[in-house]
file query.csv (CSV, C-alpha atoms)
chain,number,residue,atom,x,y,z
M,1,MET,CA,-8.3,19.3,1.3
M,2,LEU,CA,-8.8,16.8,4.0
M,3,GLY,CA,-5.8,15.1,5.5
M,4,PRO,CA,-5.7,11.3,5.6
M,5,ARG,CA,-6.9,11.0,9.2
M,6,GLN,CA,-9.7,13.5,8.6
M,7,ALA,CA,-10.8,11.6,5.5
M,8,ASP,CA,-10.9,8.4,7.5
M,9,LEU,CA,-13.0,10.0,10.3
M,10,LEU,CA,-15.4,11.4,7.7
M,11,GLN,CA,-15.8,8.0,6.1
M,12,LEU,CA,-16.4,6.4,9.4
M,13,THR,CA,-19.0,9.1,10.2
M,14,ASN,CA,-20.8,8.5,6.9
M,15,LEU,CA,-20.8,4.8,7.5
M,16,ARG,CA,-22.4,5.3,10.9
M,17,ARG,CA,-25.0,7.5,9.4
M,18,GLY,CA,-26.0,4.6,7.1
M,19,HIS,CA,-24.3,5.8,3.9
M,20,VAL,CA,-22.9,2.4,3.2
M,21,MET,CA,-21.3,2.1,-0.3
M,22,ASN,CA,-22.5,-0.6,-2.5
M,23,ARG,CA,-20.2,-3.3,-3.8
M,24,ARG,CA,-19.6,-1.7,-7.2
M,25,SER,CA,-18.7,1.6,-5.6
M,26,PHE,CA,-16.4,-0.2,-3.1
M,27,ILE,CA,-14.6,-2.1,-5.9
M,28,HIS,CA,-14.2,1.1,-7.9
M,29,GLN,CA,-12.8,3.0,-4.9
M,30,THR,CA,-10.5,0.3,-3.8
M,31,GLY,CA,-9.4,-0.2,-7.3
M,32,MET,CA,-8.4,3.5,-7.5
M,33,ALA,CA,-6.7,3.1,-4.1
M,34,GLY,CA,-4.8,0.1,-5.4
M,35,ALA,CA,-3.6,2.0,-8.4
M,36,LEU,CA,-2.3,4.8,-6.1
M,37,LEU,CA,-0.8,2.2,-3.8
M,38,ALA,CA,1.1,0.6,-6.6
M,39,VAL,CA,2.8,4.0,-7.1
M,40,GLY,CA,2.8,5.3,-3.5
M,41,GLY,CA,3.9,2.1,-2.0
M,42,CYS,CA,7.2,2.3,-3.9
M,43,ALA,CA,8.2,5.9,-3.4
M,44,SER,CA,6.9,9.0,-1.6
M,45,THR,CA,7.0,12.4,-3.3
M,46,SER,CA,6.3,14.1,0.0
M,47,GLY,CA,9.5,12.9,1.6
M,48,ARG,CA,7.6,10.9,4.2
M,49,SER,CA,7.7,7.1,4.3
M,50,PRO,CA,4.7,5.6,2.5
M,51,LEU,CA,1.8,4.5,4.6
M,52,PHE,CA,1.9,1.0,3.0
M,53,GLN,CA,4.7,-1.0,1.5
M,54,ILE,CA,4.1,-3.7,-1.0
M,55,SER,CA,5.9,-6.9,-2.0
M,56,LEU,CA,5.8,-8.8,-5.2
M,57,ALA,CA,4.8,-12.5,-5.4
M,58,GLU,CA,6.9,-14.5,-7.8
M,59,TRP,CA,3.8,-16.3,-9.1
M,60,SER,CA,2.9,-13.0,-10.9
M,61,PHE,CA,5.6,-14.0,-13.4
M,62,ASN,CA,4.7,-17.7,-13.6
M,63,LYS,CA,4.3,-17.7,-17.4
M,64,ALA,CA,7.7,-16.1,-18.0
M,65,LEU,CA,9.3,-18.4,-15.4
M,66,PHE,CA,7.8,-21.6,-16.9
M,67,ALA,CA,8.8,-20.5,-20.5
M,68,LYS,CA,11.8,-22.4,-21.8
M,69,GLY,CA,14.8,-20.0,-21.9
M,70,GLY,CA,12.8,-17.3,-20.1
M,71,MET,CA,13.1,-15.6,-16.8
M,72,THR,CA,14.7,-17.5,-13.9
M,73,ASN,CA,14.3,-17.3,-10.1
M,74,LEU,CA,17.7,-15.5,-9.9
M,75,ASP,CA,16.2,-12.8,-12.2
M,76,PHE,CA,13.2,-12.2,-10.0
M,77,PRO,CA,14.6,-9.7,-7.5
M,78,LEU,CA,16.2,-7.7,-10.3
M,79,VAL,CA,13.0,-7.5,-12.2
M,80,ALA,CA,11.0,-6.5,-9.1
M,81,ARG,CA,13.4,-3.7,-8.3
M,82,ARG,CA,14.5,-2.4,-11.7
M,83,ASN,CA,11.2,-2.8,-13.6
M,84,TYR,CA,8.7,-2.0,-10.9
M,85,GLY,CA,10.6,-0.3,-8.1
M,86,ILE,CA,9.5,-2.9,-5.6
M,87,SER,CA,11.9,-3.8,-2.8
M,88,ALA,CA,10.4,-6.9,-1.2
M,89,VAL,CA,9.8,-10.3,-2.8
M,90,GLU,CA,7.9,-13.5,-2.1
M,91,TYR,CA,9.4,-16.7,-3.7
M,92,VAL,CA,7.6,-19.8,-5.1
M,93,ASN,CA,9.6,-22.9,-4.3
M,94,GLN,CA,8.8,-24.7,-7.6
M,95,PHE,CA,11.0,-22.2,-9.4
M,96,PHE,CA,14.1,-23.3,-7.5
M,97,LYS,CA,12.8,-26.7,-6.4
M,98,ASP,CA,16.2,-28.5,-6.3
M,99,LYS,CA,18.1,-25.6,-4.7
M,100,ALA,CA,16.7,-25.5,-1.2
M,101,ARG,CA,20.0,-26.8,0.3
M,102,ASP,CA,22.3,-25.5,-2.4
M,103,THR,CA,24.1,-22.8,-0.4
M,104,THR,CA,26.1,-21.6,-3.4
M,105,TYR,CA,22.8,-20.9,-5.3
M,106,LEU,CA,21.1,-19.4,-2.3
M,107,ALA,CA,24.2,-17.2,-1.7
M,108,GLU,CA,24.0,-15.9,-5.2
M,109,LEU,CA,20.3,-15.2,-4.9
M,110,LYS,CA,21.0,-13.3,-1.6
M,111,ARG,CA,23.8,-11.4,-3.2
M,112,ARG,CA,21.5,-10.2,-6.0
M,113,CYS,CA,18.9,-9.2,-3.5
M,114,ASP,CA,21.4,-7.3,-1.4
M,115,GLY,CA,22.8,-5.6,-4.5
M,116,GLU,CA,19.4,-4.3,-5.5
M,117,GLY,CA,18.3,-3.4,-2.0
M,118,VAL,CA,15.5,-6.1,-2.1
M,119,ARG,CA,14.3,-7.9,1.0
M,120,SER,CA,13.3,-11.6,0.8
M,121,LEU,CA,10.1,-12.0,2.8
M,122,LEU,CA,8.8,-15.6,2.4
M,123,ILE,CA,8.9,-18.7,0.3
M,124,MET,CA,5.6,-20.2,-0.9
M,125,CYS,CA,5.9,-24.0,-0.6
M,126,ASP,CA,3.9,-26.5,-2.6
M,127,GLY,CA,4.4,-30.1,-3.6
M,128,GLU,CA,6.0,-31.3,-0.4
M,129,GLY,CA,3.2,-33.6,0.8
M,130,ALA,CA,0.1,-33.2,2.8
M,131,LEU,CA,0.7,-31.8,6.3
M,132,GLY,CA,-2.7,-33.3,7.3
M,133,ASP,CA,-2.2,-36.6,5.5
M,134,PRO,CA,-4.4,-39.5,6.9
M,135,SER,CA,-1.2,-41.6,7.3
M,136,PRO,CA,0.9,-40.6,10.3
M,137,THR,CA,4.0,-41.7,8.5
M,138,LYS,CA,3.2,-39.7,5.4
M,139,ARG,CA,2.2,-36.7,7.6
M,140,LYS,CA,5.6,-36.9,9.4
M,141,GLN,CA,7.4,-37.1,6.0
M,142,ALA,CA,5.5,-34.0,4.7
M,143,VAL,CA,6.6,-32.1,7.8
M,144,GLU,CA,10.2,-33.2,7.2
M,145,ASN,CA,10.0,-32.3,3.5
M,146,HIS,CA,9.3,-28.7,4.5
M,147,HIS,CA,12.4,-28.5,6.8
M,148,LYS,CA,14.7,-27.6,3.9
M,149,TRP,CA,12.5,-24.6,3.0
M,150,VAL,CA,12.5,-23.4,6.6
M,151,GLU,CA,16.3,-23.5,6.4
M,152,ALA,CA,16.4,-21.8,3.0
M,153,ALA,CA,14.1,-19.1,4.2
M,154,LYS,CA,16.4,-18.5,7.2
M,155,PHE,CA,19.4,-18.3,4.9
M,156,LEU,CA,17.7,-15.7,2.6
M,157,GLY,CA,16.5,-13.6,5.5
M,158,CYS,CA,12.8,-14.3,5.2
M,159,HIS,CA,10.3,-14.2,8.0
M,160,SER,CA,8.0,-17.0,6.9
M,161,ILE,CA,7.3,-19.9,4.7
M,162,ARG,CA,3.8,-20.3,3.2
M,163,VAL,CA,2.3,-23.8,3.3
M,164,ASN,CA,-0.9,-25.6,2.6
M,165,ALA,CA,-3.2,-27.2,5.1
M,166,ASP,CA,-3.9,-30.2,2.9
M,167,SER,CA,-5.8,-33.0,4.7
M,168,GLY,CA,-6.2,-35.4,1.8
M,169,GLY,CA,-10.0,-35.0,1.7
M,170,VAL,CA,-10.3,-38.1,3.9
M,171,GLY,CA,-12.4,-38.2,7.1
M,172,SER,CA,-14.9,-35.9,8.8
M,173,PHE,CA,-14.6,-32.1,9.1
M,174,ASP,CA,-13.1,-32.4,12.6
M,175,GLU,CA,-10.9,-35.3,11.8
M,176,GLN,CA,-9.2,-33.4,8.9
M,177,LEU,CA,-8.9,-30.4,11.2
M,178,ASP,CA,-7.1,-32.4,13.8
M,179,ARG,CA,-4.7,-33.9,11.4
M,180,ALA,CA,-3.8,-30.6,9.7
M,181,ALA,CA,-3.3,-29.0,13.1
M,182,ASP,CA,-1.0,-31.9,14.1
M,183,GLY,CA,1.3,-31.5,11.0
M,184,LEU,CA,1.3,-27.7,11.2
M,185,SER,CA,2.1,-27.8,14.9
M,186,ALA,CA,5.1,-30.0,14.3
M,187,LEU,CA,6.3,-27.8,11.5
M,188,THR,CA,5.8,-24.7,13.5
M,189,ASP,CA,8.0,-26.0,16.3
M,190,TYR,CA,10.7,-26.6,13.7
M,191,GLY,CA,10.3,-23.2,12.2
M,192,SER,CA,10.4,-21.5,15.6
M,193,ARG,CA,13.8,-23.0,16.3
M,194,HIS,CA,15.0,-21.2,13.2
M,195,GLY,CA,13.1,-17.9,13.7
M,196,ILE,CA,10.7,-18.7,10.8
M,197,HIS,CA,6.9,-18.4,10.9
M,198,VAL,CA,4.7,-21.0,9.2
M,199,ILE,CA,1.7,-19.3,7.5
M,200,VAL,CA,-1.2,-21.1,5.8
M,201,GLU,CA,-3.0,-20.0,2.7
M,202,ASN,CA,-6.6,-20.8,1.9
M,203,HIS,CA,-5.6,-22.9,-1.1
M,204,GLY,CA,-8.3,-25.4,-2.0
M,205,GLY,CA,-10.1,-28.3,-0.2
M,206,LEU,CA,-11.2,-27.6,3.3
M,207,SER,CA,-8.6,-24.8,3.7
M,208,SER,CA,-10.8,-22.7,1.5
M,209,ASN,CA,-13.5,-22.9,4.2
M,210,GLY,CA,-12.7,-20.0,6.6
M,211,LYS,CA,-14.4,-21.7,9.6
M,212,TRP,CA,-12.3,-24.8,9.1
M,213,LEU,CA,-9.0,-23.0,8.7
M,214,ALA,CA,-9.7,-20.7,11.6
M,215,GLY,CA,-10.4,-23.9,13.7
M,216,VAL,CA,-7.1,-25.3,12.6
M,217,MET,CA,-5.3,-22.2,13.8
M,218,LYS,CA,-7.1,-22.3,17.1
M,219,LYS,CA,-6.1,-25.9,17.5
M,220,VAL,CA,-2.4,-25.2,16.7
M,221,ASN,CA,-2.5,-22.2,19.0
M,222,LYS,CA,1.1,-21.2,18.6
M,223,PRO,CA,2.4,-17.7,17.9
M,224,GLY,CA,4.6,-19.0,15.0
M,225,CYS,CA,1.7,-20.2,13.0
M,226,GLY,CA,-0.8,-18.0,11.2
M,227,THR,CA,-2.7,-17.5,8.0
M,228,LEU,CA,-2.1,-15.8,4.6
M,229,PRO,CA,-5.6,-15.1,3.2
M,230,ASP,CA,-6.0,-15.1,-0.5
M,231,PHE,CA,-9.1,-13.1,-1.1
M,232,GLY,CA,-10.0,-15.0,-4.3
M,233,ASN,CA,-9.5,-18.6,-3.0
M,234,PHE,CA,-12.7,-19.0,-0.9
M,235,THR,CA,-14.3,-21.7,-3.1
M,236,ASP,CA,-18.1,-21.9,-2.5
M,237,TYR,CA,-17.6,-19.8,0.6
M,238,ASP,CA,-18.3,-16.1,1.4
M,239,ARG,CA,-15.0,-14.4,0.8
M,240,TYR,CA,-15.9,-11.5,3.1
M,241,LEU,CA,-16.7,-13.9,5.9
M,242,GLY,CA,-13.6,-15.9,5.2
M,243,VAL,CA,-11.3,-13.0,5.4
M,244,GLN,CA,-13.0,-11.9,8.6
M,245,GLU,CA,-12.4,-15.4,10.1
M,246,LEU,CA,-8.8,-15.6,9.0
M,247,MET,CA,-7.5,-12.1,9.8
M,248,PRO,CA,-7.1,-12.6,13.5
M,249,PHE,CA,-4.4,-15.2,12.7
call {"tool": "encode", "arguments": {"input": "query.csv", "output": "structure tokens"}}
result
Amino acid sequence: MLGPRQADLLQLTNLRRGHVMNRRSFIHQTGMAGALLAVGGCASTSGRSPLFQISLAEWSFNKALFAKGGMTNLDFPLVARRNYGISAVEYVNQFFKDKARDTTYLAELKRRCDGEGVRSLLIMCDGEGALGDPSPTKRKQAVENHHKWVEAAKFLGCHSIRVNADSGGVGSFDEQLDRAADGLSALTDYGSRHGIHVIVENHGGLSSNGKWLAGVMKKVNKPGCGTLPDFGNFTDYDRYLGVQELMPF
């Protein structure tokens, strides 16, 4: 049986010889790998650390969280660990929208994570205004609206907040790029003071254009600002090209 490194070398050799797999074969093989990763990412039967570790996005449970009397944000780390054996989580701010500065609540969430051996990695932030708003006043307010989530992320031990590069759909390609970069730059400076990165998802509008979002990143040009590519969110744009454009950031 080939070892992992030997298998990788064989695959590279085959690709160089022109044996490029078609899309259907690729999807099948990566689907199988994903199934193995879902198991292997949580535990290793060989005694070695897994090659990849996976985290669980809270949006995966959005129906249960939106349901009246259903799952709560405080339940999330327990469900991730006890039901799925996953020890790292990514929050969505709308499931604890009014708790960003509630230190009693955040301390309880952190206590539950610590009790389960779960790491908090990031908070996905929506509904806090457009960081590239055409109005400088509204853009500044949007930046300030995100400050509380930077602070909450710091409290929970996260490394990042995920934000949107919303430019309001007003103005030229370059004008919207400049405004988004302006808002993101200001927020990144605030995040850096707290040791929190600001990462941007391709999440609709021009942000789902890989060239535009990569241009925003180049304009910001700060180590604390990067991207969080969603492979399915490249609307009317080649997803393979989009991922290639965003991965450097």
call {"tool": "closest_residue", "arguments": {"input": "query.csv", "among": "M:Leu206, M:Leu121, M:Leu184, M:Ala100", "to": "M:Ser160", "atoms": "all atoms listed in the file"}}
result
M:Leu121
call {"tool": "closest_residue", "arguments": {"input": "query.csv", "among": "M:Lys63, M:Lys222, M:Arg239, M:Arg81", "to": "M:Val118", "atoms": "all atoms listed in the file"}}
result
M:Arg81
call {"tool": "residues_around", "arguments": {"input": "query.csv", "residues": "M:Tyr190", "least_positions_apart": "4", "cutoff": "9 Å", "atoms": "all atoms listed in the file", "output": "ChimeraX atom specification"}}
result
/M:147,150,185-186,194,196
call {"tool": "write_last_selection", "arguments": {"input": "query.csv", "atoms": "C-alpha atoms", "output": "tab-separated table (two decimals), in the coordinates of the input"}}
result
chain	number	residue	atom	x	y	z
M	147	HIS	CA	12.40	-28.50	6.80
M	150	VAL	CA	12.50	-23.40	6.60
M	185	SER	CA	2.10	-27.80	14.90
M	186	ALA	CA	5.10	-30.00	14.30
M	194	HIS	CA	15.00	-21.20	13.20
M	196	ILE	CA	10.70	-18.70	10.80
call {"tool": "closest_residue", "arguments": {"input": "query.csv", "among": "M:Ala165, M:Cys225, M:Leu106, M:Ala88", "to": "M:Gly191", "atoms": "all atoms listed in the file"}}
result
M:Cys225
call {"tool": "residues_around", "arguments": {"input": "query.csv", "residues": "M:Asn62", "least_positions_apart": "4", "cutoff": "12 Å", "atoms": "all atoms listed in the file", "output": "JSON, numbers by chain"}}
result
{"M": [57, 58, 66, 67, 68, 70, 71, 72, 73, 76, 91, 92, 93, 94, 95]}
call {"tool": "atom_distance", "arguments": {"input": "query.csv", "atom1": "atom CA of M:Asp178", "atom2": "atom CA of M:Asn221"}}
result
12.3 Å
call {"tool": "residues_around", "arguments": {"input": "query.csv", "residues": "M:Leu177", "least_positions_apart": "2", "cutoff": "10 Å", "atoms": "only C-alpha atoms", "output": "ChimeraX atom specification"}}
result
/M:132,165-167,171-175,179-182,206-207,212-217,219-220
call {"tool": "atom_distance", "arguments": {"input": "query.csv", "atom1": "atom CA of M:Gln244", "atom2": "atom CA of M:Thr227"}}
result
11.7 Å
call {"tool": "decode", "arguments": {"input": "query.csv", "residues": "stretch 43-78 of chain M", "atoms": "C-alpha atoms", "output": "CSV table (one decimal), in the first residue's frame"}}
result
chain,number,residue,atom,x,y,z
M,43,ALA,CA,-9.9,11.2,15.8
M,44,SER,CA,-7.0,9.2,14.6
M,45,THR,CA,-6.9,5.4,15.0
M,46,SER,CA,-3.2,5.3,14.2
M,47,GLY,CA,-2.3,7.3,17.3
M,48,ARG,CA,-0.9,10.1,15.1
M,49,SER,CA,-2.5,13.6,14.9
M,50,PRO,CA,-4.9,13.9,12.0
M,51,LEU,CA,-3.5,15.6,8.8
M,52,PHE,CA,-6.5,17.9,8.8
M,53,GLN,CA,-8.7,19.2,11.6
M,54,ILE,CA,-12.2,20.5,11.0
M,55,SER,CA,-14.4,23.0,12.6
M,56,LEU,CA,-18.2,23.3,12.6
M,57,ALA,CA,-20.1,26.4,11.3
M,58,GLU,CA,-23.1,27.3,13.4
M,59,TRP,CA,-25.1,28.0,10.3
M,60,SER,CA,-25.2,24.2,9.7
M,61,PHE,CA,-27.9,24.2,12.5
M,62,ASN,CA,-29.8,27.3,11.4
M,63,LYS,CA,-33.2,25.6,11.2
M,64,ALA,CA,-32.8,24.2,14.7
M,65,LEU,CA,-31.6,27.6,16.0
M,66,PHE,CA,-34.4,29.5,14.4
M,67,ALA,CA,-37.0,27.1,15.6
M,68,LYS,CA,-39.0,28.4,18.6
M,69,GLY,CA,-37.9,26.5,21.7
M,70,GLY,CA,-35.2,24.8,19.8
M,71,MET,CA,-31.4,24.7,20.0
M,72,THR,CA,-29.7,27.8,21.4
M,73,ASN,CA,-26.3,29.4,20.8
M,74,LEU,CA,-25.2,28.1,24.2
M,75,ASP,CA,-26.0,24.6,23.1
M,76,PHE,CA,-23.9,24.8,20.0
M,77,PRO,CA,-20.5,23.8,21.4
M,78,LEU,CA,-22.0,20.9,23.3
